[in-house]
$ cat protein-v6.txt   # compact mmCIF, C-alpha atoms
# COMPACT_ATOMS: atom_id res chain seq x y z
CA PRO J 5 58.35 10.30 52.30
CA THR J 6 60.45 13.51 52.56
CA GLY J 7 62.86 14.01 49.78
CA PRO J 8 66.55 15.02 50.10
CA THR J 9 67.53 18.56 51.27
CA GLY J 10 68.27 20.82 48.40
CA PRO J 11 71.38 23.04 47.95
CA THR J 12 71.81 26.16 50.23
CA GLY J 13 70.62 29.30 48.57
CA PRO J 14 72.60 32.54 48.26
CA THR J 15 73.09 34.77 51.40
CA GLY J 16 70.46 37.43 51.76
CA ALA J 17 71.04 41.16 52.18
CA THR J 18 72.21 42.44 55.65
CA GLY J 19 69.33 43.68 57.72
CA ALA J 20 69.04 47.11 59.37
CA THR J 21 71.05 47.76 62.63
CA GLY J 22 68.96 47.31 65.70
CA PRO J 23 68.50 49.89 68.48
CA ALA J 24 71.39 50.46 71.02
CA GLY J 25 71.25 48.37 74.12
CA VAL J 26 70.92 49.69 77.67
CA ALA J 27 74.21 51.21 79.09
CA GLY J 28 76.11 48.89 81.37
CA ALA J 29 77.01 49.61 85.00
CA THR J 30 79.93 52.02 85.75
CA GLY J 31 83.17 50.20 86.32
CA ALA J 32 85.21 50.37 89.53
CA THR J 33 87.40 53.48 90.18
CA GLY J 34 91.00 52.97 89.22
CA ALA J 35 93.92 53.19 91.62
CA THR J 36 95.16 56.67 92.73
CA GLY J 37 98.19 57.81 90.78
CA ALA J 38 101.54 58.61 92.35
CA THR J 39 102.00 62.01 94.06
CA GLY J 40 103.78 64.54 91.86
CA ALA J 41 107.08 66.14 92.72
CA THR J 42 107.05 69.03 95.21
CA GLY J 43 107.45 72.39 93.52
CA ALA J 44 110.45 74.56 94.19
CA ALA J 45 110.23 76.88 97.19
CA PRO J 46 110.72 80.61 96.56
CA ALA J 47 114.39 81.49 96.62
CA ALA J 48 115.45 82.89 99.96
CA ALA J 49 116.05 86.62 100.17
CA PHE J 50 116.48 88.39 103.49
CA GLY J 51 118.63 90.89 105.29
CA GLY J 52 118.80 94.15 107.07
CA ALA J 53 120.83 96.52 109.15
CA TYR J 54 120.59 98.45 112.40
CA ASN J 55 122.22 101.29 114.30
CA THR J 56 123.24 101.55 117.95
CA ALA J 57 125.47 104.63 117.92
CA PRO J 58 124.12 107.87 119.38
CA GLU J 59 123.71 110.30 116.49
CA THR J 60 122.02 113.54 115.60
CA VAL J 61 120.25 113.53 112.23
CA ALA J 62 119.87 117.04 110.81
CA LEU J 63 116.44 117.67 109.33
CA ALA J 64 116.28 120.33 106.63
CA ALA J 65 112.82 121.91 106.40
CA GLY J 66 110.52 119.59 104.45
CA THR J 67 113.34 117.33 103.23
CA PRO J 68 113.51 113.66 104.26
CA SER J 69 116.76 112.57 105.94
CA GLN J 70 117.84 108.93 105.92
CA LEU J 71 118.11 107.21 109.28
CA PRO J 72 121.47 105.52 109.87
CA LEU J 73 121.78 101.75 109.48
CA ASP J 74 125.48 101.20 110.16
CA THR J 75 125.59 97.55 111.27
CA PRO J 76 124.68 94.78 108.79
CA GLN J 77 122.63 91.74 109.75
CA PRO J 78 122.96 88.33 108.05
CA SER J 79 121.65 88.53 104.50
CA ASP J 80 121.12 86.52 101.31
CA ASN J 81 120.06 87.77 97.86
CA VAL J 82 119.95 91.41 99.00
CA THR J 83 122.55 94.16 98.94
CA LEU J 84 123.16 96.18 102.08
CA GLY J 85 124.01 99.73 101.05
CA THR J 86 124.68 102.91 102.96
CA ASP J 87 121.55 103.15 105.16
CA ASN J 88 119.42 101.02 102.79
CA VAL J 89 118.67 97.50 101.53
CA THR J 90 118.30 96.60 97.83
CA VAL J 91 116.46 93.43 96.79
CA ALA J 92 117.79 91.16 94.03
CA GLN J 93 114.55 89.30 93.22
CA ASP J 94 110.94 90.13 92.47
CA GLY J 95 108.57 88.93 95.18
CA ILE J 96 106.35 89.61 98.13
CA TYR J 97 108.39 90.85 101.10
CA GLN J 98 107.79 91.38 104.78
CA ILE J 99 109.41 94.65 105.86
CA SER J 100 109.96 95.29 109.58
CA TYR J 101 111.07 98.71 110.79
CA PHE J 102 111.93 100.44 114.04
CA THR J 103 113.39 103.74 115.14
CA GLN J 104 113.43 105.71 118.36
CA PHE J 105 114.49 109.34 118.62
CA SER J 106 113.57 112.70 120.10
CA PRO J 107 113.36 116.02 118.27
CA ASP J 108 115.39 118.92 119.65
CA ALA J 109 112.42 121.29 119.09
CA ALA J 110 108.65 120.85 119.18
CA ASP J 111 107.53 119.89 115.70
CA THR J 112 105.42 117.57 113.58
CA VAL J 113 107.67 114.82 112.29
CA THR J 114 107.06 112.29 109.55
CA PHE J 115 108.69 108.88 109.67
CA ALA J 116 108.58 106.85 106.45
CA VAL J 117 109.79 103.59 104.98
CA ARG J 118 110.50 104.28 101.32
CA ASN J 119 110.78 102.21 98.16
CA ASN J 120 113.08 103.90 95.63
CA THR J 121 112.68 107.24 97.50
CA THR J 122 108.85 107.02 97.38
CA GLU J 123 107.12 106.77 100.76
CA ILE J 124 105.19 103.53 101.30
CA PRO J 125 101.78 104.76 102.56
CA SER J 126 101.26 101.86 104.98
CA ALA J 127 104.59 102.66 106.63
CA THR J 128 104.37 106.45 106.84
CA ILE J 129 103.58 107.93 110.26
CA ASN J 130 103.06 111.59 111.28
CA ARG J 131 103.28 112.73 114.91
CA THR J 132 103.42 116.04 116.73
CA LEU J 133 106.19 115.88 119.33
CA ASP J 134 107.49 118.13 122.08
CA ALA J 135 111.18 118.97 122.29
CA GLY J 136 113.06 116.10 123.89
CA GLU J 137 110.04 113.75 123.72
CA VAL J 138 111.39 110.26 122.96
CA THR J 139 109.10 108.42 120.57
CA GLU J 140 109.16 105.10 118.78
CA PHE J 141 108.04 104.35 115.25
CA SER J 142 107.77 100.64 114.48
CA GLY J 143 105.77 98.11 112.51
CA THR J 144 105.69 95.39 109.89
CA ILE J 145 104.19 95.56 106.41
CA ILE J 146 103.87 93.28 103.39
CA ALA J 147 104.84 94.78 100.02
CA GLN J 148 105.46 93.60 96.49
CA LEU J 149 108.99 94.54 95.42
CA ASN J 150 110.84 94.23 92.14
CA ALA J 151 114.47 93.30 91.63
CA GLY J 152 116.56 96.44 92.16
CA ASP J 153 114.11 98.16 94.53
CA THR J 154 115.88 99.98 97.36
CA ILE J 155 114.26 100.28 100.80
CA ASP J 156 115.28 102.87 103.39
CA MET J 157 113.85 104.81 106.36
CA THR J 158 113.59 108.58 106.66
CA VAL J 159 112.41 111.26 109.03
CA SER J 160 111.38 114.79 108.09
CA ALA J 161 109.83 117.91 109.63
CA PRO J 162 108.27 121.04 108.13
CA THR J 163 110.87 123.23 109.87
CA ALA J 164 114.60 122.67 110.36
CA ALA J 165 115.28 120.53 113.41
CA ASN J 166 117.37 117.62 114.63
CA ALA J 167 116.36 114.04 115.41
CA VAL J 168 118.48 112.85 118.34
CA LEU J 169 119.14 109.10 118.35
CA SER J 170 120.14 107.82 121.78
CA ASP J 171 122.76 105.21 122.65
CA GLY J 172 121.61 101.60 122.14
CA LEU J 173 119.39 100.18 119.40
CA ASN J 174 117.85 103.25 117.78
CA SER J 175 117.00 102.15 114.24
CA ARG J 176 116.52 98.81 112.45
CA LEU J 177 115.27 97.71 109.03
CA THR J 178 114.83 94.06 107.99
CA ILE J 179 113.27 92.49 104.92
CA ASN J 180 112.30 88.90 104.21
CA ARG J 181 111.01 87.48 100.92
CA ILE J 182 107.95 85.38 101.73
CA SER J 183 106.55 84.53 98.30
CA ASP J 184 106.90 84.85 94.56
CA ALA J 185 105.15 87.84 93.03
CA PRO J 186 101.72 86.97 91.61
CA ALA J 187 101.64 86.22 87.90

$ encode --input "protein-v6.txt" --output "structure tokens"
Amino acid sequence: PTGPTGPTGPTGATGATGPAGVAGATGATGATGATGATGAAPAAAFGGAYNTAPETVALAAGTPSQLPLDTPQPSDNVTLGTDNVTVAQDGIYQISYFTQFSPDAADTVTFAVRNNTTEIPSATINRTLDAGEVTEFSGTIIAQLNAGDTIDMTVSAPTAANAVLSDGLNSRLTINRISDAPA
């Protein structure tokens, strides 16, 4: 016959950890989170001025003369000065320009849109004109401007002459902020 079971002996030492098991399957993708708030749009900044009065702009030899911009257009966050527009905010701006005049003598004339009295190369145009030849200078450019920059339009010639602006729309300058300046 089998005798009675004896008392339980003391617990043995813990054995070594076994190797890691095989990785389980990837779980299901969680739900898409809520859409974040829309960022703020760039602050509006726009404005301009134009001229319709017939005028004669005297051109001193080699010296730029501002084109008149006597009538303001609606504006916001810009200052309309005497024949210029000053921006109040840094940013990328669209600048549209137009003028139409005729010189009173045959000459090479330079039309320019300027930023703080410095010609903007992409808006500087040279043409050789005959006396009385009516010509138009117009276009649109994109430029980075800083708060306080002043934009104007000028015409110049290497010899003294006059630029004759006819009755009706003869000069216009408008600017429109389209973006923040890059960081």

$ atom_distance --input "protein-v6.txt" --atom1 "atom CA of Ala127 of chain J" --atom2 "atom CA of Glu140 of chain J"
13.2 Å

$ residues_around --input "protein-v6.txt" --residues "Ala64 of chain J" --least-positions-apart "6" --cutoff "12 Å" --atoms "all atoms listed in the file" --output "list of chain:residue names"
J:Gln70, J:Val113, J:Val159, J:Ser160, J:Ala161, J:Pro162, J:Thr163, J:Ala164, J:Ala165, J:Asn166, J:Ala167

$ axis_aligned_box --input "protein-v6.txt" --around "segment 71-74 of chain J" --padding-each-side "8 Å" --output "AutoDock Vina command-line options"
--center_x 121.8 --center_y 104.2 --center_z 109.7 --size_x 23.4 --size_y 22.0 --size_z 16.9

$ closest_residue --input "protein-v6.txt" --among "J:Ala151, J:Ala109, J:Ile124, J:Ala32" --to "Val91 of chain J" --atoms "all atoms listed in the file"
J:Ala151

$ residues_around --input "protein-v6.txt" --residues "Asp80 of chain J" --least-positions-apart "3" --cutoff "10 Å" --atoms "only C-alpha atoms" --output "PyMOL selection string"
chain J and resi 47-52+83-84+91-92+180

$ atom_distance --input "protein-v6.txt" --atom1 "atom CA of Val61 of chain J" --atom2 "atom CA of Ser170 of chain J"
11.1 Å

$ build_atoms --input "protein-v6.txt" --residues "segment 110-121 of chain J" --atoms "all heavy atoms" --output "PDB file, keeping the file's coordinate frame"
ATOM      1  N   ALA J 110     110.019 121.316 119.415  1.00  0.00           N
ATOM      2  CA  ALA J 110     108.650 120.850 119.180  1.00  0.00           C
ATOM      3  C   ALA J 110     108.342 120.960 117.693  1.00  0.00           C
ATOM      4  O   ALA J 110     108.634 121.983 117.072  1.00  0.00           O
ATOM      5  CB  ALA J 110     107.662 121.668 119.999  1.00  0.00           C
ATOM      6  N   ASP J 111     107.797 119.888 117.134  1.00  0.00           N
ATOM      7  CA  ASP J 111     107.530 119.890 115.700  1.00  0.00           C
ATOM      8  C   ASP J 111     106.657 118.698 115.338  1.00  0.00           C
ATOM      9  O   ASP J 111     106.508 117.762 116.125  1.00  0.00           O
ATOM     10  CB  ASP J 111     108.848 119.797 114.910  1.00  0.00           C
ATOM     11  CG  ASP J 111     108.785 120.543 113.593  1.00  0.00           C
ATOM     12  OD1 ASP J 111     107.670 120.739 113.057  1.00  0.00           O
ATOM     13  OD2 ASP J 111     109.857 120.926 113.084  1.00  0.00           O
ATOM     14  N   THR J 112     106.103 118.731 114.146  1.00  0.00           N
ATOM     15  CA  THR J 112     105.420 117.570 113.580  1.00  0.00           C
ATOM     16  C   THR J 112     106.444 116.848 112.734  1.00  0.00           C
ATOM     17  O   THR J 112     107.025 117.447 111.811  1.00  0.00           O
ATOM     18  CB  THR J 112     104.218 117.990 112.724  1.00  0.00           C
ATOM     19  OG1 THR J 112     103.294 118.679 113.552  1.00  0.00           O
ATOM     20  CG2 THR J 112     103.532 116.783 112.110  1.00  0.00           C
ATOM     21  N   VAL J 113     106.684 115.594 113.043  1.00  0.00           N
ATOM     22  CA  VAL J 113     107.670 114.820 112.290  1.00  0.00           C
ATOM     23  C   VAL J 113     106.959 113.730 111.500  1.00  0.00           C
ATOM     24  O   VAL J 113     105.903 113.241 111.890  1.00  0.00           O
ATOM     25  CB  VAL J 113     108.761 114.209 113.194  1.00  0.00           C
ATOM     26  CG1 VAL J 113     109.550 115.283 113.892  1.00  0.00           C
ATOM     27  CG2 VAL J 113     108.161 113.239 114.187  1.00  0.00           C
ATOM     28  N   THR J 114     107.565 113.376 110.387  1.00  0.00           N
ATOM     29  CA  THR J 114     107.060 112.290 109.550  1.00  0.00           C
ATOM     30  C   THR J 114     108.150 111.239 109.450  1.00  0.00           C
ATOM     31  O   THR J 114     109.266 111.532 109.017  1.00  0.00           O
ATOM     32  CB  THR J 114     106.687 112.788 108.140  1.00  0.00           C
ATOM     33  OG1 THR J 114     105.664 113.767 108.259  1.00  0.00           O
ATOM     34  CG2 THR J 114     106.202 111.642 107.263  1.00  0.00           C
ATOM     35  N   PHE J 115     107.807 110.035 109.854  1.00  0.00           N
ATOM     36  CA  PHE J 115     108.690 108.880 109.670  1.00  0.00           C
ATOM     37  C   PHE J 115     108.142 108.118 108.470  1.00  0.00           C
ATOM     38  O   PHE J 115     106.922 107.980 108.313  1.00  0.00           O
ATOM     39  CB  PHE J 115     108.658 107.967 110.903  1.00  0.00           C
ATOM     40  CG  PHE J 115     109.247 106.611 110.625  1.00  0.00           C
ATOM     41  CD1 PHE J 115     110.611 106.416 110.695  1.00  0.00           C
ATOM     42  CD2 PHE J 115     108.437 105.550 110.256  1.00  0.00           C
ATOM     43  CE1 PHE J 115     111.160 105.173 110.406  1.00  0.00           C
ATOM     44  CE2 PHE J 115     108.968 104.308 109.974  1.00  0.00           C
ATOM     45  CZ  PHE J 115     110.333 104.122 110.043  1.00  0.00           C
ATOM     46  N   ALA J 116     109.034 107.608 107.611  1.00  0.00           N
ATOM     47  CA  ALA J 116     108.580 106.850 106.450  1.00  0.00           C
ATOM     48  C   ALA J 116     109.570 105.759 106.076  1.00  0.00           C
ATOM     49  O   ALA J 116     110.782 105.953 106.135  1.00  0.00           O
ATOM     50  CB  ALA J 116     108.356 107.765 105.254  1.00  0.00           C
ATOM     51  N   VAL J 117     109.019 104.602 105.697  1.00  0.00           N
ATOM     52  CA  VAL J 117     109.790 103.590 104.980  1.00  0.00           C
ATOM     53  C   VAL J 117     109.554 103.902 103.513  1.00  0.00           C
ATOM     54  O   VAL J 117     108.413 104.161 103.097  1.00  0.00           O
ATOM     55  CB  VAL J 117     109.314 102.164 105.327  1.00  0.00           C
ATOM     56  CG1 VAL J 117     110.071 101.135 104.490  1.00  0.00           C
ATOM     57  CG2 VAL J 117     109.499 101.886 106.808  1.00  0.00           C
ATOM     58  N   ARG J 118     110.628 103.917 102.727  1.00  0.00           N
ATOM     59  CA  ARG J 118     110.500 104.280 101.320  1.00  0.00           C
ATOM     60  C   ARG J 118     110.971 103.156 100.407  1.00  0.00           C
ATOM     61  O   ARG J 118     111.846 102.375 100.766  1.00  0.00           O
ATOM     62  CB  ARG J 118     111.335 105.533 101.006  1.00  0.00           C
ATOM     63  CG  ARG J 118     111.004 106.734 101.853  1.00  0.00           C
ATOM     64  CD  ARG J 118     111.757 107.970 101.423  1.00  0.00           C
ATOM     65  NE  ARG J 118     113.200 107.758 101.351  1.00  0.00           N
ATOM     66  CZ  ARG J 118     114.069 108.665 100.897  1.00  0.00           C
ATOM     67  NH1 ARG J 118     113.642 109.852 100.487  1.00  0.00           N
ATOM     68  NH2 ARG J 118     115.359 108.394 100.856  1.00  0.00           N
ATOM     69  N   ASN J 119     110.372 103.111  99.226  1.00  0.00           N
ATOM     70  CA  ASN J 119     110.780 102.210  98.160  1.00  0.00           C
ATOM     71  C   ASN J 119     111.230 103.100  97.003  1.00  0.00           C
ATOM     72  O   ASN J 119     110.417 103.814  96.418  1.00  0.00           O
ATOM     73  CB  ASN J 119     109.617 101.311  97.742  1.00  0.00           C
ATOM     74  CG  ASN J 119     109.982 100.366  96.608  1.00  0.00           C
ATOM     75  OD1 ASN J 119     111.136 100.294  96.192  1.00  0.00           O
ATOM     76  ND2 ASN J 119     108.998  99.647  96.101  1.00  0.00           N
ATOM     77  N   ASN J 120     112.519 103.072  96.702  1.00  0.00           N
ATOM     78  CA  ASN J 120     113.080 103.900  95.630  1.00  0.00           C
ATOM     79  C   ASN J 120     112.724 105.379  95.844  1.00  0.00           C
ATOM     80  O   ASN J 120     112.276 106.055  94.920  1.00  0.00           O
ATOM     81  CB  ASN J 120     112.603 103.425  94.252  1.00  0.00           C
ATOM     82  CG  ASN J 120     113.071 102.019  93.948  1.00  0.00           C
ATOM     83  OD1 ASN J 120     114.155 101.611  94.345  1.00  0.00           O
ATOM     84  ND2 ASN J 120     112.238 101.260  93.262  1.00  0.00           N
ATOM     85  N   THR J 121     112.900 105.855  97.045  1.00  0.00           N
ATOM     86  CA  THR J 121     112.680 107.240  97.500  1.00  0.00           C
ATOM     87  C   THR J 121     111.203 107.663  97.529  1.00  0.00           C
ATOM     88  O   THR J 121     110.901 108.822  97.779  1.00  0.00           O
ATOM     89  CB  THR J 121     113.500 108.286  96.709  1.00  0.00           C
ATOM     90  OG1 THR J 121     112.986 108.414  95.386  1.00  0.00           O
ATOM     91  CG2 THR J 121     114.990 107.934  96.669  1.00  0.00           C
TER      92      THR J 121
END
